[in-house]
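Okay, so here's the structure we're looking at.
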Amino acid sequence: MSRNWFAFFREGSLGFSPRHRRSGAPRRACPDEGSLATGILAGMARPSTQQRRRREVIAAALEAAAEHGLRDLSLTDVANQAGVTRGALLYYYDDLDAILVEAHAAGMQRVGSERAALVAQQEGARAKLATAVAAGLPNGPEDALMRLLYEFDVLAGKSPLHDELVQQLYAEQLALFRSILSEGVESGEFALTGPLDDIAMNFVALEDAYGLHIVAGGSITLEDAHRAIALFAAQAGADYMSRAA
């Protein structure tokens with residue numbers, strides 16, 4: 001997919017949860033901080049303005065993380081990318097981790113709900129499986145958002161919130177492949193050679209493993225991944241390259 005996903009966040013197509021604020025925490029005053037804080041000053045921003053500002057913060061966080069990497073990312077990096085100060089960011093979020101949790105959730109939509117929507121537009125299990133595989137792999141080493149999603153996996157085990165998001169995405173991946181395989185069996189398009197659940201799990205594992213190699217710029221290319229996954233699918237009785245007459 002060639003869509004500019006950082007621009008997607010800015011366009012306002014994503015919805016976000018209420019502010020990551022602890023219950024009872026006082027609202028921070030926010031001085032004029034340029035584009036991010038215009039119109040806020042001493043009062044609360046209008047809901048529509050606040051949502052737009054939060055999307056801008058998330059877009060800046062994703063861009064800064066792509067440039068610096070999650071391991072070295074700081075709140076100052078995000079603020080610099082957004083063109084504001086740390087204080088302006090802290091008007092909306094408690095800390096850097098709160099920003100990253102929301103950025104993680106936003107990024108998940110590409111291989112979660114966005115991919116499921118693409119699959120739903122297809123007719124037949126073969127077409128759906130082909131779409132699911134193509135949409136779940138990175139475009140190439142330059143695919144910054146997919147690279148970040150793999151980096152977010154590293155945070156699992158260190159942060160309960162990130163761990164929950166990683167598990168949620170895995171469950172969505174697994175459910176998508178299970179649904180497609182089930183449809184293919186019922187329609188007669190697929191004749192699986194093993195347990196459906198195991199085959200679905202292998203699709204997710206191959207997608208994740210090959211995707212990681214692709215964004216790392218290693219010896220496995222996007223074309224290699226497509227060829228290998230298609231071979232596995234055929235061996236598993238879920239050939240999506242052939243088209244029924």
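For the structure tokens, the naming scheme is as follows: chains receive sequential letters (A, B, ...) according to their order of presentation, residues are indexed from 1 within each chain, and ligands are indexed from 1 in presentation order.
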
Report as a PyMOL selection string all protein, DNA and RNA residues lying within 12 Å of segment 204-215 of chain A, evaluated on only C-alpha atoms, omitting residues in the same chain fewer than 5 positions from it. chain A and resi 66+111+132-151+153+169-178+197-199+220-233

Tell me which of A:Gly194, A:Tyr240, A:Val101, A:Gln121 sits closest to Asp163 of chain A, counting only C-alpha atoms.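 Selected residue with least distance to Asp163 of chain A: A:Val101.
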
Between atom CA of Gln235 of chain A and atom CA of Glu183 of chain A - distance in Å to one decimal: 18.0 Å

Atom CA of Arg55 of chain A to atom CA of Leu90 of chain A measures 14.3 Å

All residues 10 Å or closer to Met241 of chain A, only C-alpha atoms, same chain fewer than 2 positions away omitted, as a VMD selection string: chain A and resid 126 to 127 129 to 130 230 to 231 233 to 234 238 to 239 243 to 244

For a test of reading the model, state the distance in Å between atom CA of Gln167 of chain A and atom CA of Thr131 of chain A, rounded to one decimal.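 If I compute the distance from atom CA of Gln167 of chain A to atom CA of Thr131 of chain A, I get 22.5 Å.
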
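With only C-alpha atoms as the atoms that count, the residue of A:Leu118, A:Ala191, A:Val84, A:Ala200 with the shortest distance to Glu56 of chain A is A:Val84.
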
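Residues with any atom within 10 Å of Asp95 of chain A, counting only C-alpha atoms and excluding same-chain neighbours fewer than 3 positions away, are His20, Arg21, Leu75, Arg86, Leu89, Leu90, Tyr91, Tyr92, Ala98, Ile99 and Leu100 of chain A.
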
Output file for the selection above: N, CA and C atoms, as an mmCIF file, in the first residue's frame:
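New file out.cif:
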data_model
loop_
_atom_site.group_PDB
_atom_site.id
_atom_site.type_symbol
_atom_site.label_atom_id
_atom_site.label_comp_id
_atom_site.auth_asym_id
_atom_site.auth_seq_id
_atom_site.Cartn_x
_atom_site.Cartn_y
_atom_site.Cartn_z
ATOM 1 N N HIS A 20 -5.403 10.877 28.006
ATOM 2 C CA HIS A 20 -4.778 9.984 28.979
ATOM 3 C C HIS A 20 -4.460 10.789 30.228
ATOM 4 N N ARG A 21 -5.483 10.974 31.055
ATOM 5 C CA ARG A 21 -5.297 11.733 32.290
ATOM 6 C C ARG A 21 -5.712 10.887 33.479
ATOM 7 N N LEU A 75 10.536 13.058 24.735
ATOM 8 C CA LEU A 75 9.432 14.003 24.627
ATOM 9 C C LEU A 75 9.876 15.250 23.879
ATOM 10 N N ARG A 86 7.735 21.193 25.223
ATOM 11 C CA ARG A 86 7.281 20.050 26.008
ATOM 12 C C ARG A 86 6.009 20.393 26.784
ATOM 13 N N LEU A 89 2.836 19.831 24.838
ATOM 14 C CA LEU A 89 2.469 18.415 24.718
ATOM 15 C C LEU A 89 1.835 17.915 26.009
ATOM 16 N N LEU A 90 2.369 18.355 27.139
ATOM 17 C CA LEU A 90 1.883 17.876 28.432
ATOM 18 C C LEU A 90 0.509 18.462 28.778
ATOM 19 N N TYR A 91 0.043 19.402 27.988
ATOM 20 C CA TYR A 91 -1.325 19.874 28.163
ATOM 21 C C TYR A 91 -2.306 18.773 27.758
ATOM 22 N N TYR A 92 -1.900 17.953 26.784
ATOM 23 C CA TYR A 92 -2.766 16.917 26.253
ATOM 24 C C TYR A 92 -2.479 15.531 26.806
ATOM 25 N N ALA A 98 2.199 7.947 27.339
ATOM 26 C CA ALA A 98 0.797 8.142 26.991
ATOM 27 C C ALA A 98 0.652 8.499 25.518
ATOM 28 N N ILE A 99 1.588 9.294 24.996
ATOM 29 C CA ILE A 99 1.570 9.634 23.572
ATOM 30 C C ILE A 99 1.823 8.389 22.735
ATOM 31 N N LEU A 100 2.803 7.591 23.147
ATOM 32 C CA LEU A 100 3.168 6.408 22.375
ATOM 33 C C LEU A 100 2.068 5.350 22.387
#
